[in-house]
Every structure is written in structure tokens, then in C-alpha cells.
$ cat my_file_4.cif   # mmCIF, C-alpha atoms and all ligand atoms
data_structure
loop_
_atom_site.label_atom_id
_atom_site.label_comp_id
_atom_site.auth_asym_id
_atom_site.auth_seq_id
_atom_site.Cartn_x
_atom_site.Cartn_y
_atom_site.Cartn_z
CA MET B 1 -25.70 2.48 2.48
CA GLY B 2 -26.94 6.09 2.63
CA LYS B 3 -27.90 6.11 6.31
CA THR B 4 -24.73 4.71 7.83
CA MET B 5 -22.27 7.03 9.57
CA LEU B 6 -18.68 7.28 8.49
CA LYS B 7 -16.74 5.80 11.42
CA ALA B 8 -13.36 4.70 10.13
CA LEU B 9 -10.77 5.12 7.41
CA ILE B 10 -8.66 2.18 6.27
CA PHE B 11 -5.46 2.97 4.40
CA ASP B 12 -3.31 0.96 2.05
CA VAL B 13 0.39 1.83 2.51
CA ASP B 14 2.55 1.25 -0.59
CA GLY B 15 1.68 3.74 -3.29
CA THR B 16 -1.10 5.31 -1.20
CA LEU B 17 0.58 6.80 1.88
CA ALA B 18 3.94 7.10 0.12
CA ASP B 19 5.52 6.36 -3.24
CA THR B 20 7.48 3.41 -1.90
CA GLU B 21 7.78 1.06 -4.87
CA LYS B 22 10.24 2.53 -7.41
CA ASP B 23 12.76 4.15 -5.04
CA GLY B 24 12.09 2.00 -1.98
CA HIS B 25 11.05 -1.63 -2.38
CA ARG B 26 12.64 -2.03 -5.84
CA VAL B 27 15.96 -0.62 -4.67
CA ALA B 28 15.89 -2.83 -1.56
CA PHE B 29 15.20 -5.98 -3.60
CA ASN B 30 18.17 -5.17 -5.86
CA ALA B 31 20.41 -4.56 -2.84
CA ALA B 32 19.40 -7.92 -1.36
CA PHE B 33 20.10 -9.73 -4.66
CA LYS B 34 23.51 -8.11 -4.94
CA GLU B 35 24.41 -8.90 -1.35
CA ALA B 36 23.52 -12.56 -1.99
CA GLY B 37 25.80 -12.63 -5.06
CA LEU B 38 22.89 -12.93 -7.51
CA ASP B 39 22.94 -11.11 -10.84
CA TRP B 40 19.20 -10.36 -10.69
CA GLU B 41 18.47 -6.70 -11.39
CA TRP B 42 14.94 -5.28 -11.36
CA SER B 43 14.73 -2.22 -13.64
CA VAL B 44 11.97 0.38 -13.28
CA GLU B 45 10.24 -1.12 -16.36
CA LEU B 46 10.51 -4.74 -15.26
CA TYR B 47 9.26 -3.81 -11.79
CA ASP B 48 6.06 -2.46 -13.38
CA LYS B 49 5.36 -6.02 -14.58
CA LEU B 50 6.43 -7.61 -11.30
CA LEU B 51 3.97 -5.42 -9.39
CA ALA B 52 1.19 -7.57 -10.87
CA VAL B 53 1.88 -9.84 -7.90
CA THR B 54 1.68 -8.36 -4.38
CA GLY B 55 3.97 -9.44 -1.55
CA GLY B 56 7.75 -9.49 -1.78
CA LYS B 57 8.25 -13.26 -1.49
CA GLU B 58 5.43 -13.92 -3.95
CA ARG B 59 6.95 -11.30 -6.31
CA MET B 60 10.36 -13.04 -6.32
CA LYS B 61 8.67 -16.34 -7.19
CA HIS B 62 6.71 -14.61 -9.97
CA TYR B 63 10.00 -13.19 -11.31
CA LEU B 64 11.64 -16.61 -11.48
CA ASP B 65 8.55 -18.25 -12.97
CA ASN B 66 8.05 -15.65 -15.70
CA PHE B 67 11.11 -13.44 -16.23
CA ASN B 68 14.14 -15.53 -15.26
CA THR B 69 13.33 -19.10 -16.22
CA GLU B 70 17.02 -19.81 -16.97
CA TYR B 71 17.97 -19.57 -13.30
CA GLN B 72 19.13 -22.91 -11.90
CA ARG B 73 16.97 -23.21 -8.79
CA PRO B 74 18.49 -24.68 -5.65
CA ASP B 75 16.58 -27.44 -3.81
CA ASN B 76 15.87 -25.07 -0.95
CA LEU B 77 14.41 -22.32 -3.14
CA GLN B 78 11.64 -21.42 -0.70
CA GLU B 79 14.17 -21.01 2.14
CA MET B 80 16.37 -18.93 -0.10
CA ILE B 81 13.45 -16.63 -0.93
CA VAL B 82 12.64 -16.23 2.75
CA GLU B 83 16.28 -15.26 3.47
CA LEU B 84 16.42 -12.86 0.52
CA HIS B 85 13.21 -11.29 1.75
CA LYS B 86 14.62 -10.77 5.25
CA SER B 87 17.60 -9.03 3.72
CA LYS B 88 15.31 -6.95 1.49
CA THR B 89 13.28 -5.86 4.54
CA ARG B 90 16.52 -4.83 6.27
CA HIS B 91 17.61 -2.75 3.28
CA TYR B 92 14.14 -1.24 2.92
CA THR B 93 13.74 -0.19 6.54
CA GLU B 94 17.28 1.23 6.44
CA LEU B 95 16.31 3.36 3.44
CA LEU B 96 13.25 4.61 5.32
CA SER B 97 15.33 5.42 8.39
CA LYS B 98 17.37 7.78 6.21
CA GLY B 99 14.15 9.61 5.33
CA ALA B 100 14.36 8.45 1.71
CA ILE B 101 10.58 8.33 1.17
CA PRO B 102 8.20 11.13 2.23
CA LEU B 103 4.43 10.81 2.63
CA ARG B 104 2.34 11.83 -0.37
CA PRO B 105 0.59 15.23 -0.42
CA GLY B 106 -2.36 15.55 1.92
CA VAL B 107 -1.83 12.30 3.80
CA GLU B 108 -0.64 13.76 7.11
CA ARG B 109 -3.18 16.61 7.02
CA LEU B 110 -6.08 14.21 6.33
CA MET B 111 -5.04 11.85 9.12
CA ASN B 112 -4.89 14.73 11.58
CA GLU B 113 -8.30 16.00 10.45
CA ALA B 114 -9.75 12.53 10.81
CA ARG B 115 -8.27 12.07 14.28
CA ASP B 116 -9.56 15.47 15.42
CA ALA B 117 -13.03 14.45 14.23
CA GLY B 118 -12.87 11.17 16.16
CA LEU B 119 -12.72 8.88 13.14
CA ARG B 120 -11.03 5.54 13.72
CA LEU B 121 -7.98 4.69 11.60
CA ALA B 122 -6.57 1.39 10.37
CA ILE B 123 -4.12 0.01 7.85
CA ALA B 124 -4.60 -2.88 5.42
CA THR B 125 -1.52 -3.74 3.36
CA THR B 126 0.36 -6.68 1.92
CA THR B 127 3.71 -5.27 2.98
CA THR B 128 5.68 -6.60 5.95
CA PRO B 129 4.59 -5.10 9.35
CA GLU B 130 8.13 -3.77 10.04
CA ASN B 131 7.94 -1.76 6.80
CA VAL B 132 4.73 -0.07 7.95
CA THR B 133 6.03 0.90 11.36
CA ALA B 134 9.33 2.11 9.85
CA LEU B 135 7.47 4.34 7.39
CA LEU B 136 5.20 5.78 10.10
CA GLU B 137 8.08 6.27 12.52
CA HIS B 138 10.28 8.13 10.03
CA THR B 139 7.53 10.32 8.59
CA LEU B 140 4.90 11.02 11.27
CA GLY B 141 7.00 10.02 14.29
CA LYS B 142 6.96 6.97 16.54
CA ALA B 143 3.78 8.02 18.38
CA SER B 144 1.81 7.81 15.12
CA ILE B 145 1.94 4.01 15.21
CA ASP B 146 -0.72 4.22 17.93
CA TRP B 147 -3.02 6.32 15.75
CA PHE B 148 -3.97 3.08 14.03
CA GLU B 149 -6.29 0.77 15.87
CA VAL B 150 -5.31 -2.12 13.61
CA ILE B 151 -2.26 -2.52 11.40
CA ALA B 152 -3.23 -5.46 9.22
CA ALA B 153 -0.11 -6.36 7.25
CA GLY B 154 1.94 -9.00 5.49
CA ASP B 155 1.52 -12.70 6.14
CA ILE B 156 -1.21 -12.18 8.77
CA VAL B 157 -3.59 -13.45 6.09
CA PRO B 158 -2.26 -16.07 3.63
CA ALA B 159 -4.16 -14.73 0.60
CA LYS B 160 -2.75 -11.30 -0.22
CA LYS B 161 -4.39 -8.58 -2.34
CA PRO B 162 -6.31 -8.78 -4.70
CA ALA B 163 -8.01 -11.15 -2.22
CA PRO B 164 -10.27 -9.22 0.21
CA ASP B 165 -8.89 -11.08 3.25
CA ILE B 166 -6.69 -8.30 4.63
CA TYR B 167 -9.59 -5.80 4.62
CA ASP B 168 -11.96 -8.42 6.05
CA TYR B 169 -9.40 -9.02 8.80
CA ALA B 170 -9.13 -5.30 9.64
CA LEU B 171 -12.94 -4.90 9.72
CA LYS B 172 -13.32 -7.93 11.96
CA GLU B 173 -10.65 -6.66 14.38
CA MET B 174 -12.43 -3.29 14.56
CA LYS B 175 -15.86 -4.91 14.80
CA LEU B 176 -17.06 -2.60 12.04
CA ASP B 177 -19.24 -3.10 8.97
CA ALA B 178 -17.74 -2.23 5.61
CA ALA B 179 -20.59 0.27 5.17
CA ASP B 180 -19.22 2.36 8.08
CA CYS B 181 -15.78 2.79 6.50
CA LEU B 182 -13.88 4.15 3.54
CA ALA B 183 -10.76 2.56 2.04
CA PHE B 184 -7.83 4.36 0.38
CA GLU B 185 -5.96 2.59 -2.40
CA ASP B 186 -3.64 3.26 -5.34
CA SER B 187 -3.74 0.12 -7.47
CA GLU B 188 -5.99 -2.35 -9.27
CA ASN B 189 -5.02 -5.19 -6.94
CA GLY B 190 -5.78 -2.85 -4.06
CA ILE B 191 -9.26 -1.86 -5.21
CA LYS B 192 -10.10 -5.47 -6.08
CA SER B 193 -9.27 -6.30 -2.48
CA SER B 194 -11.19 -3.41 -0.90
CA HIS B 195 -14.18 -3.90 -3.21
CA GLY B 196 -14.10 -7.60 -2.40
CA ALA B 197 -14.60 -6.55 1.22
CA GLU B 198 -17.45 -4.25 0.06
CA LEU B 199 -15.63 -1.04 0.98
CA LYS B 200 -16.21 2.22 -0.84
CA THR B 201 -12.77 3.18 -2.10
CA ILE B 202 -10.94 6.41 -2.84
CA ILE B 203 -8.08 6.10 -5.30
CA THR B 204 -4.95 8.21 -5.55
CA VAL B 205 -2.93 6.97 -8.51
CA ASN B 206 0.86 6.99 -8.83
CA GLY B 207 3.35 6.52 -11.65
CA TYR B 208 2.91 2.76 -11.74
CA THR B 209 -0.90 2.72 -11.56
CA THR B 210 -2.27 5.50 -13.83
CA SER B 211 -3.44 2.98 -16.46
CA HIS B 212 -5.04 0.57 -13.96
CA ASP B 213 -8.77 -0.15 -14.03
CA PHE B 214 -10.53 1.64 -11.15
CA THR B 215 -14.12 0.94 -12.17
CA GLY B 216 -16.47 1.49 -9.25
CA ALA B 217 -14.13 3.74 -7.25
CA ALA B 218 -15.81 6.49 -5.19
CA ILE B 219 -13.39 8.91 -6.87
CA VAL B 220 -10.03 8.69 -8.67
CA LEU B 221 -7.51 11.49 -7.96
CA ASP B 222 -3.87 12.14 -8.75
CA ASN B 223 -3.22 12.75 -5.04
CA MET B 224 -5.11 13.86 -1.92
CA GLY B 225 -4.23 17.51 -2.44
CA GLU B 226 -3.61 20.33 0.00
CA PRO B 227 -5.41 23.66 0.46
CA ASP B 228 -2.65 25.37 -1.58
CA GLN B 229 -2.05 22.40 -3.89
CA PRO B 230 -5.31 21.17 -5.50
CA PHE B 231 -5.72 17.58 -6.68
CA ASN B 232 -6.67 16.68 -10.25
CA VAL B 233 -9.82 14.63 -10.61
CA ILE B 234 -9.29 11.68 -12.95
CA ALA B 235 -12.79 10.21 -12.51
CA GLY B 236 -15.76 10.99 -10.31
CA ASP B 237 -17.33 14.02 -8.60
CA ALA B 238 -15.25 16.05 -6.12
CA HIS B 239 -18.36 17.96 -4.93
CA GLY B 240 -16.61 21.28 -5.46
CA GLN B 241 -13.64 20.41 -3.23
CA THR B 242 -10.00 20.85 -4.27
CA TYR B 243 -8.38 18.61 -1.64
CA VAL B 244 -9.52 15.54 0.28
CA ASN B 245 -11.06 16.73 3.53
CA LEU B 246 -13.73 15.31 5.84
CA ASP B 247 -16.55 17.10 4.02
CA LEU B 248 -15.59 15.38 0.80
CA LEU B 249 -15.19 12.02 2.54
CA LYS B 250 -18.67 12.29 4.07
CA ARG B 251 -20.16 13.20 0.69
CA LEU B 252 -18.41 10.28 -1.02
CA HIS B 253 -19.40 7.92 1.77
CA SER B 254 -23.10 8.79 1.63
CA ALA B 255 -23.28 9.07 -2.19
C1 LIG N 301 2.24 -3.62 -1.79
C2 LIG N 301 3.14 -4.67 -2.23
C3 LIG N 301 4.25 -5.09 -1.37
C4 LIG N 301 5.56 -4.42 -1.50
C5 LIG N 301 6.64 -5.27 -0.87
O1 LIG N 301 0.92 -3.86 -2.29
O2 LIG N 301 2.94 -5.25 -3.26
O3 LIG N 301 4.46 -6.40 -1.70
O4 LIG N 301 5.87 -4.21 -2.85
O5 LIG N 301 6.37 -5.61 0.43
P1 LIG N 301 -0.32 -3.08 -1.69
P2 LIG N 301 7.07 -6.92 1.09
O6 LIG N 301 0.03 -1.62 -1.68
O7 LIG N 301 -1.45 -3.35 -2.64
O8 LIG N 301 -0.62 -3.59 -0.31
O9 LIG N 301 8.35 -7.15 0.40
O10 LIG N 301 7.25 -6.56 2.55
O11 LIG N 301 6.11 -8.07 0.91
MG MG N 302 -0.76 0.00 -2.80
#
$ encode --input "my_file_4.cif" --output "C-alpha cells"
Amino acid sequence: MGKTMLKALIFDVDGTLADTEKDGHRVAFNAAFKEAGLDWEWSVELYDKLLAVTGGKERMKHYLDNFNTEYQRPDNLQEMIVELHKSKTRHYTELLSKGAIPLRPGVERLMNEARDAGLRLAIATTTTPENVTALLEHTLGKASIDWFEVIAAGDIVPAKKPAPDIYDYALKEMKLDAADCLAFEDSENGIKSSHGAELKTIITVNGYTTSHDFTGAAIVLDNMGEPDQPFNVIAGDAHGQTYVNLDLLKRLHSA
């Protein structure tokens, strides 16, 4: 892999670009349940367990199968989940429109550096496409949606992370080899997916993912850092850098 050029960066969204799970998705699920007259309530602790399954509809099913087996399921359960999920997406995008969730440290700076250097950008996430565009719009501004050549999201591939399909899809759309790219992830399901697509992967952990297994990651950091706000290295070699910049990315890519 040493001789290939770094051409593109592919970003996960939830947990990587922004801390969306605890105060965003979780809150929106609970609002949707309440609105539907259900007494389901996902606490911060329970949500940690529910995050084992990616995708909102899949997560609700996982909840009923494993944490609320008492619930008397209606015949049209799948339809009900689809409706609940629509409502959840509405609540979630409304939260974002109020500016409830900022980007994580270093994310905006790194994207601007990458764009200035002519790197291509893409997104590979299990979250619903509307959620991605709402986050970008309300943090980086509407024009930032066009910074990304491909926004691979949600049900566009049936097998969500940890399956590699969403990364494979993004690579295929960009006509790029995995060896020309770096992926950015925050979770074990995420790195399983990116590694499955043979992408070198940079990890920034968050509250829900510090104890995850990131074996094989290019580097594991607490966040991307800023010039005046250094990251902490959890595993790997930062090559003397204190924040994620293009020099570091090139070193990690060719290592
Ligand atoms: C993100 C997710 C998503 C969100 C909810 O995983 O698991 O399911 O929690 O999104 P990753 P939807 O960061 O690994 O892509 O409700 O829109 O499915
Ligand atoms: Mg994630």
C-alpha cells in the first residue's frame, strides 16, 4: 500500500463528525415513542446496549426482541416501526435545526484543509440521508452538502454496518480503490465495516465507544484536536503531531 497516493477521505457521521447519539438520536426516539402513546423509554445506559445494532429501525426491533419482550406486538409491527422511525427522523432533524449538536473538535478545520489540498470527500453512514444533510446544513452551512462527492447513507445498502457494504458502495461510486483512501470512524461496528472494505481507519472515540475493540486502527484518538487543543493518543503513533492534519494523514496512510 506504501506507494499509493492519498486521494480521498471517507467519514462516518454519528459519533465521528458529531456526538449525535446520547442527546440527539436517543432523545428523538423517546419523543417518537411518547408521541405514539408508547411507554418505551430509552435511558442513557440502555441506549449503550441498543447501539450494538446500527440503524434506527433495526435498533427498535433489537429493543423489542431483547429488552421489551413483554410488549404485545401488533400484526403490522414492521409498518409500525417504519412510522415510528419517520417520526423519530422528524424529531431528530428538528433538534439539529435548533443547533442542538455541534461538530466535534477539529472536524471542520480538517475538512477545510482537505478541500484546500484537493482531497475528495465522502460520507459512509447507516443513518438516514435526511439526518446527514440536516447535520451538515446546521453546522457547516447548506453549501457544505456539495463538499461530499458521495453521501452513502441509510437503506441505500440493505446490510448496514458492521457489514462493509456502505463503504464498498462509496468506493464504487467514486471509482476509487480502498488503498487510495482513509476512513474515519468512532465505533467497533464502524471499524468492522471500514476494515471489511479494506480501508485504513482513523478512530476518534466518544463516551459510548471508549471500551470498544479498535484492533488494527491506523490510530485511536480521543478527538481530532485543534492547534490550541491537542488530542490524546489512545493507541498508535501520532508522528509528533498534536492534532489531525494532512501531514499526519499522509504519514498514517503510507505507514
Ligand atoms: C449510526 C447509527 C444510526 C443512528 C440512527 O451508526 O447507528 O443508526 O443511531 O440513525 P454509524 P437512523 O455511526 O456506525 O453509521 O435512525 O436514521 O437509522
Ligand atoms: Mg459512528
$ atom_distance --input "my_file_4.cif" --atom1 "atom CA of B:Leu9" --atom2 "atom CA of B:Asp237"
19.5 Å
$ residues_around --input "my_file_4.cif" --residues "B:His91" --least-positions-apart "4" --cutoff "12 Å" --atoms "all atoms listed in the file" --output "list of chain:residue names"
B:Asp23, B:Gly24, B:His25, B:Arg26, B:Val27, B:Ala28, B:Phe29, B:Asn30, B:Ala31, B:Ala32, B:Phe33, B:Lys34, B:Glu35, B:Leu84, B:His85, B:Lys86, B:Ser87, B:Leu95, B:Leu96, B:Ser97, B:Lys98, B:Ala100, B:Glu130, B:Asn131, B:Ala134
$ residues_near_ligand --input "my_file_4.cif" --ligand "ligand LIG 301 (chain N)" --cutoff "9 Å" --atoms "only C-alpha atoms and all ligand atoms" --output "JSON, numbers by chain"
{"B": [12, 13, 14, 15, 16, 20, 21, 24, 25, 26, 28, 29, 51, 52, 53, 54, 55, 56, 57, 58, 59, 85, 86, 88, 89, 92, 124, 125, 126, 127, 128, 129, 130, 131, 132, 153, 154, 155, 160, 161, 162, 185, 186, 187, 188, 189, 190, 191, 193]}
$ residues_around --input "my_file_4.cif" --residues "B:Thr204" --least-positions-apart "4" --cutoff "12 Å" --atoms "only C-alpha atoms" --output "compact mmCIF listing (two decimals) with C-alpha atoms, in the frame of the given file"
# COMPACT_ATOMS: atom_id res chain seq x y z
CA PHE B 11 -5.46 2.97 4.40
CA ASP B 12 -3.31 0.96 2.05
CA VAL B 13 0.39 1.83 2.51
CA ASP B 14 2.55 1.25 -0.59
CA GLY B 15 1.68 3.74 -3.29
CA THR B 16 -1.10 5.31 -1.20
CA LEU B 17 0.58 6.80 1.88
CA ALA B 18 3.94 7.10 0.12
CA ASP B 19 5.52 6.36 -3.24
CA ARG B 104 2.34 11.83 -0.37
CA PRO B 105 0.59 15.23 -0.42
CA GLY B 106 -2.36 15.55 1.92
CA VAL B 107 -1.83 12.30 3.80
CA ALA B 183 -10.76 2.56 2.04
CA PHE B 184 -7.83 4.36 0.38
CA GLU B 185 -5.96 2.59 -2.40
CA ASP B 186 -3.64 3.26 -5.34
CA SER B 187 -3.74 0.12 -7.47
CA GLU B 188 -5.99 -2.35 -9.27
CA GLY B 190 -5.78 -2.85 -4.06
CA ILE B 191 -9.26 -1.86 -5.21
CA TYR B 208 2.91 2.76 -11.74
CA THR B 209 -0.90 2.72 -11.56
CA THR B 210 -2.27 5.50 -13.83
CA HIS B 212 -5.04 0.57 -13.96
CA PHE B 214 -10.53 1.64 -11.15
CA ALA B 217 -14.13 3.74 -7.25
CA ALA B 218 -15.81 6.49 -5.19
CA ILE B 219 -13.39 8.91 -6.87
CA VAL B 220 -10.03 8.69 -8.67
CA LEU B 221 -7.51 11.49 -7.96
CA ASP B 222 -3.87 12.14 -8.75
CA ASN B 223 -3.22 12.75 -5.04
CA MET B 224 -5.11 13.86 -1.92
CA GLY B 225 -4.23 17.51 -2.44
CA PHE B 231 -5.72 17.58 -6.68
CA ASN B 232 -6.67 16.68 -10.25
CA VAL B 233 -9.82 14.63 -10.61
CA ILE B 234 -9.29 11.68 -12.95
CA ALA B 235 -12.79 10.21 -12.51
CA TYR B 243 -8.38 18.61 -1.64
CA VAL B 244 -9.52 15.54 0.28
$ atom_distance --input "my_file_4.cif" --atom1 "atom CA of B:Pro102" --atom2 "atom CA of B:Pro164"
27.6 Å
$ atom_distance --input "my_file_4.cif" --atom1 "atom CA of B:Lys22" --atom2 "atom CA of B:Tyr47"
7.8 Å
$ closest_residue --input "my_file_4.cif" --among "B:Ile203, B:Ala163, B:Ala117, B:Leu252" --to "ligand MG 302 (chain N)" --atoms "only C-alpha atoms and all ligand atoms"
B:Ile203
$ closest_residue --input "my_file_4.cif" --among "B:Ser43, B:Gln229, B:Asn206, B:Asn112" --to "ligand MG 302 (chain N)" --atoms "only C-alpha atoms and all ligand atoms"
B:Asn206
$ build_atoms --input "my_file_4.cif" --residues "stretch 218-243 of chain B" --atoms "N, CA, C and O atoms" --output "CSV table (one decimal), keeping the file's coordinate frame"
chain,number,residue,atom,x,y,z
B,218,ALA,N,-15.0,5.3,-5.6
B,218,ALA,CA,-15.8,6.5,-5.2
B,218,ALA,C,-15.3,7.7,-5.9
B,218,ALA,O,-16.1,8.6,-6.3
B,219,ILE,N,-14.0,7.8,-6.1
B,219,ILE,CA,-13.4,8.9,-6.9
B,219,ILE,C,-12.0,8.5,-7.2
B,219,ILE,O,-11.4,7.7,-6.5
B,220,VAL,N,-11.4,9.0,-8.3
B,220,VAL,CA,-10.0,8.7,-8.7
B,220,VAL,C,-9.3,10.0,-8.8
B,220,VAL,O,-9.7,10.9,-9.6
B,221,LEU,N,-8.2,10.2,-8.0
B,221,LEU,CA,-7.5,11.5,-8.0
B,221,LEU,C,-6.0,11.2,-8.2
B,221,LEU,O,-5.6,10.1,-8.1
B,222,ASP,N,-5.3,12.3,-8.6
B,222,ASP,CA,-3.9,12.1,-8.8
B,222,ASP,C,-3.2,12.1,-7.4
B,222,ASP,O,-2.1,11.5,-7.3
B,223,ASN,N,-3.7,12.8,-6.4
B,223,ASN,CA,-3.2,12.8,-5.0
B,223,ASN,C,-4.3,13.4,-4.1
B,223,ASN,O,-5.3,13.8,-4.6
B,224,MET,N,-4.1,13.4,-2.8
B,224,MET,CA,-5.1,13.9,-1.9
B,224,MET,C,-5.2,15.4,-1.9
B,224,MET,O,-6.2,15.9,-1.4
B,225,GLY,N,-4.2,16.1,-2.4
B,225,GLY,CA,-4.2,17.5,-2.4
B,225,GLY,C,-4.1,18.2,-1.1
B,225,GLY,O,-4.2,17.6,0.0
B,226,GLU,N,-3.7,19.5,-1.2
B,226,GLU,CA,-3.6,20.3,0.0
B,226,GLU,C,-4.4,21.6,-0.3
B,226,GLU,O,-4.6,21.9,-1.5
B,227,PRO,N,-4.7,22.4,0.7
B,227,PRO,CA,-5.4,23.7,0.5
B,227,PRO,C,-4.7,24.5,-0.6
B,227,PRO,O,-5.4,25.2,-1.4
B,228,ASP,N,-3.4,24.6,-0.6
B,228,ASP,CA,-2.6,25.4,-1.6
B,228,ASP,C,-2.1,24.5,-2.7
B,228,ASP,O,-1.3,25.0,-3.5
B,229,GLN,N,-2.6,23.3,-2.9
B,229,GLN,CA,-2.0,22.4,-3.9
B,229,GLN,C,-3.2,21.5,-4.3
B,229,GLN,O,-3.3,20.3,-3.8
B,230,PRO,N,-4.1,21.9,-5.2
B,230,PRO,CA,-5.3,21.2,-5.5
B,230,PRO,C,-5.0,19.8,-6.2
B,230,PRO,O,-4.0,19.7,-6.9
B,231,PHE,N,-5.9,18.8,-5.9
B,231,PHE,CA,-5.7,17.6,-6.7
B,231,PHE,C,-6.3,17.7,-8.1
B,231,PHE,O,-7.0,18.7,-8.4
B,232,ASN,N,-6.0,16.8,-9.0
B,232,ASN,CA,-6.7,16.7,-10.2
B,232,ASN,C,-7.6,15.5,-10.2
B,232,ASN,O,-7.2,14.4,-9.7
B,233,VAL,N,-8.8,15.7,-10.6
B,233,VAL,CA,-9.8,14.6,-10.6
B,233,VAL,C,-9.7,13.8,-11.9
B,233,VAL,O,-9.8,14.4,-13.0
B,234,ILE,N,-9.4,12.5,-11.8
B,234,ILE,CA,-9.3,11.7,-13.0
B,234,ILE,C,-10.6,11.1,-13.3
B,234,ILE,O,-11.0,10.9,-14.5
B,235,ALA,N,-11.4,10.7,-12.3
B,235,ALA,CA,-12.8,10.2,-12.5
B,235,ALA,C,-13.6,10.4,-11.3
B,235,ALA,O,-13.1,10.3,-10.1
B,236,GLY,N,-14.9,10.8,-11.4
B,236,GLY,CA,-15.8,11.0,-10.3
B,236,GLY,C,-16.1,12.4,-10.0
B,236,GLY,O,-15.6,13.3,-10.7
B,237,ASP,N,-16.8,12.7,-9.0
B,237,ASP,CA,-17.3,14.0,-8.6
B,237,ASP,C,-16.7,14.5,-7.3
B,237,ASP,O,-16.9,13.8,-6.2
B,238,ALA,N,-15.9,15.6,-7.3
B,238,ALA,CA,-15.2,16.0,-6.1
B,238,ALA,C,-16.1,17.0,-5.3
B,238,ALA,O,-15.7,17.6,-4.3
B,239,HIS,N,-17.4,17.1,-5.7
B,239,HIS,CA,-18.4,18.0,-4.9
B,239,HIS,C,-17.8,19.3,-4.6
B,239,HIS,O,-18.0,19.9,-3.5
B,240,GLY,N,-17.1,19.9,-5.6
B,240,GLY,CA,-16.6,21.3,-5.5
B,240,GLY,C,-15.4,21.4,-4.6
B,240,GLY,O,-14.9,22.5,-4.4
B,241,GLN,N,-14.8,20.3,-4.1
B,241,GLN,CA,-13.6,20.4,-3.2
B,241,GLN,C,-12.4,20.3,-4.1
B,241,GLN,O,-12.4,19.8,-5.2
B,242,THR,N,-11.3,20.9,-3.5
B,242,THR,CA,-10.0,20.8,-4.3
B,242,THR,C,-8.9,20.0,-3.6
B,242,THR,O,-7.8,19.9,-4.0
B,243,TYR,N,-9.3,19.5,-2.4
B,243,TYR,CA,-8.4,18.6,-1.6
B,243,TYR,C,-9.2,17.7,-0.8
B,243,TYR,O,-10.4,18.0,-0.5
